[in-house]
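**Student:** One file: protein-v8.cif (mmCIF, C-alpha atoms).
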data_protein
loop_
_atom_site.label_atom_id
_atom_site.label_comp_id
_atom_site.auth_asym_id
_atom_site.auth_seq_id
_atom_site.Cartn_x
_atom_site.Cartn_y
_atom_site.Cartn_z
CA MET A 1 38.41 -8.60 -27.83
CA ARG A 2 39.16 -9.74 -24.24
CA ILE A 3 36.24 -11.47 -22.51
CA THR A 4 35.97 -10.66 -18.81
CA THR A 5 35.27 -13.32 -16.20
CA THR A 6 31.79 -11.85 -15.66
CA SER A 7 30.97 -11.99 -19.38
CA ALA A 8 32.14 -15.59 -19.57
CA ARG A 9 29.95 -16.55 -16.62
CA ARG A 10 26.95 -14.87 -18.27
CA ARG A 11 27.51 -16.76 -21.52
CA ARG A 12 27.80 -20.08 -19.67
CA ALA A 13 24.61 -19.27 -17.77
CA GLY A 14 22.81 -18.37 -20.99
CA SER A 15 23.85 -21.64 -22.62
CA ALA A 16 22.64 -23.58 -19.59
CA LEU A 17 19.27 -21.79 -19.72
CA ALA A 18 18.71 -22.63 -23.38
CA ALA A 19 19.77 -26.23 -22.82
CA ALA A 20 17.43 -26.56 -19.84
CA ALA A 21 14.54 -25.11 -21.83
CA LEU A 22 15.18 -27.46 -24.73
CA GLY A 23 15.34 -30.39 -22.33
CA LEU A 24 11.92 -29.36 -21.05
CA LEU A 25 10.50 -29.37 -24.58
CA ALA A 26 11.92 -32.81 -25.27
CA ALA A 27 10.61 -34.21 -22.01
CA ALA A 28 7.15 -32.77 -22.61
CA GLY A 29 7.03 -34.01 -26.21
CA THR A 30 5.93 -30.57 -27.38
CA PRO A 31 4.84 -30.84 -31.03
CA ALA A 32 5.40 -28.41 -33.85
CA TYR A 33 2.22 -26.45 -34.41
CA ALA A 34 0.75 -26.58 -37.89
CA ALA A 35 -1.06 -23.41 -38.87
CA THR A 36 -1.94 -21.40 -41.92
CA ASP A 37 -0.57 -18.17 -40.46
CA GLY A 38 3.09 -18.98 -41.01
CA SER A 39 3.89 -18.80 -37.30
CA VAL A 40 5.09 -22.37 -36.91
CA ASP A 41 8.17 -24.25 -35.81
CA ARG A 42 10.14 -24.28 -39.06
CA ALA A 43 13.21 -26.22 -38.05
CA PRO A 44 13.96 -28.92 -35.49
CA ASP A 45 16.26 -27.95 -32.66
CA ALA A 46 18.53 -29.91 -30.37
CA PRO A 47 20.85 -28.74 -27.60
CA PRO A 48 24.19 -27.56 -28.97
CA ALA A 49 26.86 -30.25 -29.13
CA GLY A 50 28.44 -30.86 -25.76
CA HIS A 51 25.52 -29.35 -23.80
CA SER A 52 23.13 -31.21 -21.55
CA VAL A 53 20.50 -30.23 -19.02
CA PRO A 54 22.20 -29.78 -15.63
CA ALA A 55 20.39 -31.74 -12.96
CA GLY A 56 20.19 -28.70 -10.71
CA ASN A 57 18.60 -26.49 -13.38
CA ALA A 58 15.97 -28.76 -14.90
CA GLY A 59 13.41 -28.25 -12.15
CA SER A 60 13.96 -24.49 -12.19
CA ALA A 61 13.41 -24.31 -15.96
CA GLN A 62 10.23 -26.35 -15.71
CA GLY A 63 8.84 -24.18 -12.93
CA THR A 64 9.49 -20.95 -14.85
CA ALA A 65 8.23 -22.19 -18.22
CA ALA A 66 5.01 -23.45 -16.60
CA LYS A 67 4.05 -19.83 -15.87
CA VAL A 68 4.12 -18.87 -19.57
CA PRO A 69 2.93 -21.52 -22.04
CA LEU A 70 5.34 -22.60 -24.77
CA GLU A 71 2.58 -22.91 -27.36
CA ILE A 72 2.09 -20.13 -29.91
CA SER A 73 -0.85 -17.91 -28.94
CA ARG A 74 -3.27 -17.11 -31.76
CA LEU A 75 -6.37 -16.27 -29.70
CA ALA A 76 -7.65 -13.02 -28.24
CA GLN A 77 -8.41 -12.97 -24.55
CA GLY A 78 -12.11 -13.18 -23.76
CA THR A 79 -14.92 -14.79 -25.71
CA GLY A 80 -15.52 -15.44 -29.38
CA ARG A 81 -16.59 -11.81 -29.84
CA HIS A 82 -13.22 -10.46 -28.74
CA VAL A 83 -10.47 -9.52 -31.16
CA ALA A 84 -6.78 -8.73 -30.63
CA ILE A 85 -5.13 -6.16 -32.89
CA THR A 86 -1.35 -6.56 -33.27
CA ILE A 87 1.03 -4.12 -34.95
CA ASP A 88 4.46 -5.22 -36.25
CA ASP A 89 7.85 -3.92 -37.38
CA GLY A 90 7.92 -0.49 -35.72
CA PRO A 91 8.34 1.84 -34.17
CA ASP A 92 8.46 4.19 -37.13
CA PRO A 93 8.53 8.00 -36.79
CA ARG A 94 6.04 8.52 -39.61
CA TRP A 95 3.57 5.67 -39.21
CA THR A 96 3.53 4.76 -35.53
CA PRO A 97 2.06 8.14 -34.44
CA GLN A 98 -0.68 7.78 -37.07
CA VAL A 99 -1.49 4.24 -35.94
CA LEU A 100 -1.55 5.38 -32.30
CA LYS A 101 -3.97 8.22 -33.12
CA THR A 102 -6.27 5.86 -35.01
CA LEU A 103 -6.30 3.41 -32.12
CA ARG A 104 -6.91 6.24 -29.65
CA ASP A 105 -9.78 7.65 -31.71
CA ASN A 106 -11.45 4.24 -31.66
CA HIS A 107 -10.69 3.44 -28.01
CA VAL A 108 -8.66 0.38 -28.97
CA LYS A 109 -5.69 -1.12 -27.12
CA ALA A 110 -3.32 -3.15 -29.29
CA THR A 111 -0.10 -5.15 -29.02
CA PHE A 112 2.97 -3.62 -30.67
CA CYS A 113 5.65 -6.08 -31.78
CA MET A 114 8.78 -3.94 -31.95
CA ILE A 115 12.14 -4.49 -33.60
CA GLY A 116 14.91 -3.92 -31.07
CA THR A 117 17.10 -1.66 -33.18
CA LYS A 118 14.12 0.55 -34.00
CA ALA A 119 13.10 0.73 -30.35
CA GLN A 120 16.67 1.75 -29.60
CA LYS A 121 16.59 4.44 -32.31
CA TYR A 122 13.14 5.82 -31.40
CA PRO A 123 12.71 5.32 -27.64
CA GLU A 124 10.21 8.19 -27.45
CA LEU A 125 7.84 6.20 -29.66
CA VAL A 126 8.16 3.15 -27.42
CA ARG A 127 7.24 5.38 -24.49
CA ALA A 128 4.28 6.80 -26.42
CA VAL A 129 2.98 3.29 -27.14
CA ALA A 130 3.31 2.28 -23.50
CA ALA A 131 1.77 5.55 -22.26
CA ASP A 132 -1.37 4.81 -24.29
CA GLY A 133 -1.79 1.48 -22.51
CA HIS A 134 -0.79 -0.85 -25.33
CA GLN A 135 1.09 -4.11 -24.76
CA LEU A 136 4.72 -4.53 -25.82
CA CYS A 137 6.04 -7.46 -27.82
CA ASP A 138 9.63 -8.39 -28.70
CA HIS A 139 10.09 -8.87 -32.46
CA SER A 140 13.84 -9.67 -32.22
CA VAL A 141 16.86 -7.41 -32.61
CA ASP A 142 16.73 -6.79 -36.36
CA HIS A 143 13.93 -8.93 -37.88
CA ASP A 144 16.09 -11.73 -39.27
CA VAL A 145 13.49 -13.99 -40.93
CA THR A 146 16.11 -16.73 -41.33
CA MET A 147 16.89 -17.00 -37.62
CA ASP A 148 15.03 -20.32 -37.45
CA HIS A 149 17.98 -21.76 -39.42
CA LYS A 150 20.59 -20.24 -37.11
CA PRO A 151 22.21 -21.75 -33.98
CA VAL A 152 20.31 -21.66 -30.71
CA ALA A 153 22.84 -19.20 -29.27
CA TYR A 154 22.06 -16.78 -32.11
CA GLN A 155 18.31 -17.14 -31.57
CA ARG A 156 18.79 -16.49 -27.86
CA ARG A 157 20.74 -13.28 -28.54
CA GLN A 158 18.14 -12.04 -31.01
CA ILE A 159 15.31 -12.64 -28.54
CA LEU A 160 16.90 -11.47 -25.29
CA GLU A 161 18.78 -8.49 -26.70
CA GLY A 162 15.68 -7.35 -28.61
CA LYS A 163 13.69 -7.51 -25.38
CA ALA A 164 16.41 -5.58 -23.53
CA MET A 165 16.40 -2.82 -26.17
CA ILE A 166 12.66 -2.31 -25.75
CA GLU A 167 12.88 -2.43 -21.95
CA LYS A 168 15.64 0.19 -21.93
CA ALA A 169 13.28 2.66 -23.62
CA VAL A 170 10.56 2.13 -20.99
CA PRO A 171 12.10 0.89 -17.72
CA GLY A 172 9.63 -1.02 -15.61
CA VAL A 173 7.14 -1.71 -18.42
CA PRO A 174 6.92 -5.45 -19.14
CA VAL A 175 7.47 -6.94 -22.58
CA THR A 176 4.83 -9.66 -22.47
CA TYR A 177 5.03 -11.38 -25.87
CA TYR A 178 7.60 -12.58 -28.40
CA ARG A 179 6.74 -12.82 -32.10
CA ALA A 180 9.32 -14.47 -34.33
CA PRO A 181 10.19 -12.53 -37.52
CA GLY A 182 8.01 -13.89 -40.28
CA GLY A 183 6.51 -16.32 -37.77
CA ALA A 184 9.70 -18.41 -37.94
CA PHE A 185 9.50 -20.02 -34.52
CA THR A 186 11.56 -22.98 -33.37
CA PRO A 187 11.15 -25.12 -30.25
CA ALA A 188 14.22 -23.34 -28.86
CA SER A 189 12.96 -19.82 -29.54
CA ARG A 190 9.60 -20.58 -27.94
CA ALA A 191 11.31 -21.98 -24.87
CA ILE A 192 13.71 -19.04 -24.56
CA ALA A 193 10.80 -16.58 -24.87
CA ALA A 194 8.72 -18.41 -22.26
CA GLU A 195 11.68 -18.61 -19.88
CA SER A 196 11.93 -14.83 -20.20
CA GLY A 197 8.25 -14.30 -19.39
CA MET A 198 7.09 -13.72 -22.99
CA ARG A 199 4.28 -15.73 -24.58
CA PRO A 200 5.11 -16.83 -28.14
CA LEU A 201 2.68 -14.88 -30.31
CA GLY A 202 1.31 -15.81 -33.71
CA TRP A 203 -1.79 -14.57 -35.55
CA SER A 204 -4.96 -15.93 -37.12
CA VAL A 205 -5.77 -13.22 -39.68
CA ASP A 206 -3.10 -11.78 -42.00
CA PRO A 207 -4.11 -9.23 -44.67
CA LYS A 208 -0.48 -8.97 -45.85
CA ASP A 209 -0.72 -5.21 -45.54
CA TRP A 210 3.09 -5.04 -45.67
CA SER A 211 2.88 -5.91 -49.38
CA ARG A 212 0.53 -2.99 -50.08
CA PRO A 213 -2.16 -5.05 -51.85
CA GLY A 214 -4.60 -2.13 -51.86
CA LEU A 215 -7.09 -0.88 -49.29
CA GLU A 216 -10.00 -2.99 -50.52
CA ALA A 217 -7.90 -6.17 -50.53
CA ILE A 218 -6.84 -5.54 -46.93
CA LEU A 219 -10.39 -4.87 -45.79
CA SER A 220 -11.73 -7.90 -47.65
CA THR A 221 -9.33 -10.17 -45.77
CA VAL A 222 -9.84 -8.73 -42.30
CA LYS A 223 -13.62 -8.51 -42.71
CA GLY A 224 -13.89 -12.03 -44.09
CA LYS A 225 -15.03 -15.00 -42.05
CA LEU A 226 -13.20 -14.38 -38.79
CA PRO A 227 -12.16 -17.27 -36.57
CA GLN A 228 -13.13 -17.36 -32.92
CA GLN A 229 -11.20 -14.82 -30.84
CA PRO A 230 -9.11 -13.62 -33.80
CA THR A 231 -5.64 -12.12 -33.56
CA VAL A 232 -5.23 -9.75 -36.53
CA LEU A 233 -1.83 -8.76 -37.93
CA PHE A 234 -1.01 -5.24 -39.16
CA HIS A 235 2.25 -3.29 -39.59
CA ASP A 236 3.46 0.17 -38.65
CA GLY A 237 7.00 -0.28 -40.00
CA GLY A 238 8.93 -1.67 -42.94
CA GLY A 239 7.86 0.80 -45.60
CA ASP A 240 4.87 2.85 -46.72
CA ARG A 241 2.06 1.99 -44.30
CA SER A 242 -0.54 4.45 -45.63
CA GLU A 243 -2.82 1.57 -46.66
CA THR A 244 -2.58 0.11 -43.18
CA VAL A 245 -3.58 3.38 -41.53
CA ALA A 246 -6.47 3.80 -43.97
CA ALA A 247 -7.60 0.21 -43.34
CA LEU A 248 -7.51 0.62 -39.55
CA LYS A 249 -9.63 3.77 -39.80
CA LYS A 250 -12.37 1.72 -41.50
CA TYR A 251 -11.83 -1.65 -39.84
CA LEU A 252 -11.89 -0.67 -36.18
CA PRO A 253 -15.31 1.06 -36.34
CA TRP A 254 -16.64 -1.87 -38.39
CA LEU A 255 -15.55 -4.35 -35.71
CA THR A 256 -17.36 -2.31 -33.08
CA GLU A 257 -20.48 -2.22 -35.24
CA GLN A 258 -20.31 -6.02 -35.56
CA GLY A 259 -20.34 -6.36 -31.79
CA TYR A 260 -16.66 -7.14 -31.26
CA ARG A 261 -14.76 -6.04 -28.20
CA PHE A 262 -11.02 -5.47 -28.14
CA SER A 263 -8.53 -7.31 -25.96
CA PHE A 264 -4.95 -8.54 -25.96
CA PRO A 265 -3.71 -11.96 -27.14
CA THR A 266 -3.92 -14.80 -24.63
CA ARG A 267 -0.96 -15.32 -22.33
CA THR A 268 -2.25 -18.38 -20.49
CA THR A 269 -3.31 -21.87 -21.62
CA PRO A 270 -4.38 -22.75 -24.24
#
I need this file expressed as structure tokens, please.

**Tutor:**
Amino acid sequence: MRITTTSARRRRAGSALAAAALGLLAAAGTPAYAATDGSVDRAPDAPPAGHSVPAGNAGSAQGTAAKVPLEISRLAQGTGRHVAITIDDGPDPRWTPQVLKTLRDNHVKATFCMIGTKAQKYPELVRAVAADGHQLCDHSVDHDVTMDHKPVAYQRRQILEGKAMIEKAVPGVPVTYYRAPGGAFTPASRAIAAESGMRPLGWSVDPKDWSRPGLEAILSTVKGKLPQQPTVLFHDGGGDRSETVAALKKYLPWLTEQGYRFSFPTRTTP
């Protein structure tokens, strides 16, 4: 297929952006973040062969990245009695409306981490999520959990095209977070997300509801000893999410009874 001059310029610009972001990480000595939630840097990254940080772009990359931290966010905004609910792998025509109703009934705002191809297929559900005041999160184009082993250019496409697919469904509504599929972050993917205005988003409580362990098992995990300002992971896509819906119907009122307030994940330092 013939590549136009404009397309070639865009690809060169994209490569320069990723290289500049990676140069920033190297200069800052940003470490890989160890965590029990799986959302960690799983593979070292280096600029692609033949690429370097252009002198004219380094300062620009640093200024932009400083606005959105590169570190993976695992805290809810607010105090220790705040909790952030996050919903992954949708939108789904069967389960997303049920999750939305449950959240609405309990006066809870959550963060929906959407797969780009699903947002493209069900734009009306993206609009419904945004209309209810929830935050939007990019969960890549097609949820490739091996993308941490792929070239930086591939990671960049997955992140930026996934974001664009969500934005197309709701023009003007910001996509404020990026969550790597399976938590498989790399230094490059965090930098690309931050450069695009999205805070890398992890979690601190994972009931593995996607595996359908049973309602009581889900509730036992999410009601267990919660960390300060927890970010809790649930799913509205990827299969039968009836246990998730049932768990949310019990869990959200329980959190309120325990004195928790609901907020979104942190976007600023730390």

**Student:** Could you jot down the atom CA of A:Thr96 to atom CA of A:Gly237 separation for me, Å, one decimal place?

**Tutor:** 7.6 Å

**Student:** Hey, which of A:Gly239, A:Gly183, A:Pro200, A:Gly259 ends up closest to A:Pro69? Count all atoms listed in the file.

**Tutor:** A:Pro200

**Student:** Suppose a student applies the PyMOL selection byres ((chain A and resi 162-167) around 12) to this structure; what residues should they get, written as a PyMOL selection string?

**Tutor:** chain A and resi 90-91+112-127+129-130+135-144+154-161+168-181+192-193+196-198

**Student:** List the spatial neighbours of A:His134 as an mmCIF file with C-alpha atoms, in the frame of the given file - criterion: any atom at most 10 Å away, all atoms listed in the file, same-chain residues fewer than 3 positions off excluded.

**Tutor:**
data_model
loop_
_atom_site.group_PDB
_atom_site.id
_atom_site.type_symbol
_atom_site.label_atom_id
_atom_site.label_comp_id
_atom_site.auth_asym_id
_atom_site.auth_seq_id
_atom_site.Cartn_x
_atom_site.Cartn_y
_atom_site.Cartn_z
ATOM 1 C CA THR A 86 -1.350 -6.560 -33.270
ATOM 2 C CA LEU A 100 -1.550 5.380 -32.300
ATOM 3 C CA LEU A 103 -6.300 3.410 -32.120
ATOM 4 C CA VAL A 108 -8.660 0.380 -28.970
ATOM 5 C CA LYS A 109 -5.690 -1.120 -27.120
ATOM 6 C CA ALA A 110 -3.320 -3.150 -29.290
ATOM 7 C CA THR A 111 -0.100 -5.150 -29.020
ATOM 8 C CA PHE A 112 2.970 -3.620 -30.670
ATOM 9 C CA ALA A 128 4.280 6.800 -26.420
ATOM 10 C CA VAL A 129 2.980 3.290 -27.140
ATOM 11 C CA ALA A 130 3.310 2.280 -23.500
ATOM 12 C CA ALA A 131 1.770 5.550 -22.260
ATOM 13 C CA CYS A 137 6.040 -7.460 -27.820
ATOM 14 C CA PHE A 264 -4.950 -8.540 -25.960
#

**Student:** Specify as a list in words each residue included when the PyMOL selection byres ((chain A and resi 250) around 12) is applied to this file.

**Tutor:**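 That selection, the PyMOL selection byres ((chain A and resi 250) around 12), comes back as Thr102, Leu103, Asp105, Asn106, Leu215, Glu216, Ile218, Leu219, Ser220, Val222, Lys223, Glu243, Thr244, Val245, Ala246, Ala247, Leu248, Lys249, Tyr251, Leu252, Pro253, Trp254, Leu255, Thr256 and Glu257 of chain A.
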
**Student:** Filtering to C-alpha atoms, could you give me those residues as a compact mmCIF listing (two decimals), in the coordinates of the input?

**Tutor:**
# COMPACT_ATOMS: atom_id res chain seq x y z
CA THR A 102 -6.27 5.86 -35.01
CA LEU A 103 -6.30 3.41 -32.12
CA ASP A 105 -9.78 7.65 -31.71
CA ASN A 106 -11.45 4.24 -31.66
CA LEU A 215 -7.09 -0.88 -49.29
CA GLU A 216 -10.00 -2.99 -50.52
CA ILE A 218 -6.84 -5.54 -46.93
CA LEU A 219 -10.39 -4.87 -45.79
CA SER A 220 -11.73 -7.90 -47.65
CA VAL A 222 -9.84 -8.73 -42.30
CA LYS A 223 -13.62 -8.51 -42.71
CA GLU A 243 -2.82 1.57 -46.66
CA THR A 244 -2.58 0.11 -43.18
CA VAL A 245 -3.58 3.38 -41.53
CA ALA A 246 -6.47 3.80 -43.97
CA ALA A 247 -7.60 0.21 -43.34
CA LEU A 248 -7.51 0.62 -39.55
CA LYS A 249 -9.63 3.77 -39.80
CA TYR A 251 -11.83 -1.65 -39.84
CA LEU A 252 -11.89 -0.67 -36.18
CA PRO A 253 -15.31 1.06 -36.34
CA TRP A 254 -16.64 -1.87 -38.39
CA LEU A 255 -15.55 -4.35 -35.71
CA THR A 256 -17.36 -2.31 -33.08
CA GLU A 257 -20.48 -2.22 -35.24

**Student:** Written as a PyMOL selection string, which residues does the PyMOL selection byres ((chain A and resi 233) around 6) give for the file shown?

**Tutor:** chain A and resi 86+206+232+234

**Student:** So, with all atoms listed in the file as the atoms that count, which of A:Glu71, A:Pro207, A:Gly133, A:Pro93 lies closest to A:Gly224?

**Tutor:**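 Closest residue, counting all atoms listed in the file: A:Pro207.
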
**Student:** Write out as a CSV table (one decimal) with C-alpha atoms, in the frame of the given file each polymer residue whose atoms come within 6 Å of A:Ala194, counting all atoms listed in the file; drop sequence neighbours fewer than 3 positions from it.

**Tutor:**
chain,number,residue,atom,x,y,z
A,65,ALA,CA,8.2,-22.2,-18.2
A,68,VAL,CA,4.1,-18.9,-19.6
A,70,LEU,CA,5.3,-22.6,-24.8
A,191,ALA,CA,11.3,-22.0,-24.9
A,197,GLY,CA,8.2,-14.3,-19.4
A,198,MET,CA,7.1,-13.7,-23.0
A,199,ARG,CA,4.3,-15.7,-24.6

**Student:** Find the distance between atom CA of A:Arg42 and atom CA of A:Lys225 and write it in Å to one decimal.

**Tutor:**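 Going from atom CA of A:Arg42 over to atom CA of A:Lys225, I get 27.0 Å.
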
**Student:** Figure out the distance between atom CA of A:Trp203 and atom CA of A:Asp148, please, to one decimal in Å.

**Tutor:** 17.9 Å

**Student:** Can you work out which one of A:His107, A:Lys67, A:Arg81, A:Arg267 has the shortest atom-to-atom distance to A:Leu201, counting only C-alpha atoms?

**Tutor:**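 With only C-alpha atoms as the atom set, the closest residue is A:Arg267.
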
**Student:** Any chance you could work out the axis-aligned box around stretch 220-228 of chain A, listed atoms only, 6 Å on each side, giving centre and edge lengths in Å to one decimal, as lines of an AutoDock Vina configuration file?

**Tutor:**
center_x = -12.2
center_y = -12.6
center_z = -40.3
size_x = 17.7
size_y = 21.5
size_z = 26.7

**Student:** With distances taken over only C-alpha atoms, which of A:Val145, A:Tyr260, A:Val83, A:Trp95 is nearest to A:His235?

**Tutor:**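 Distance minimum relative to A:His235 lands on A:Trp95.
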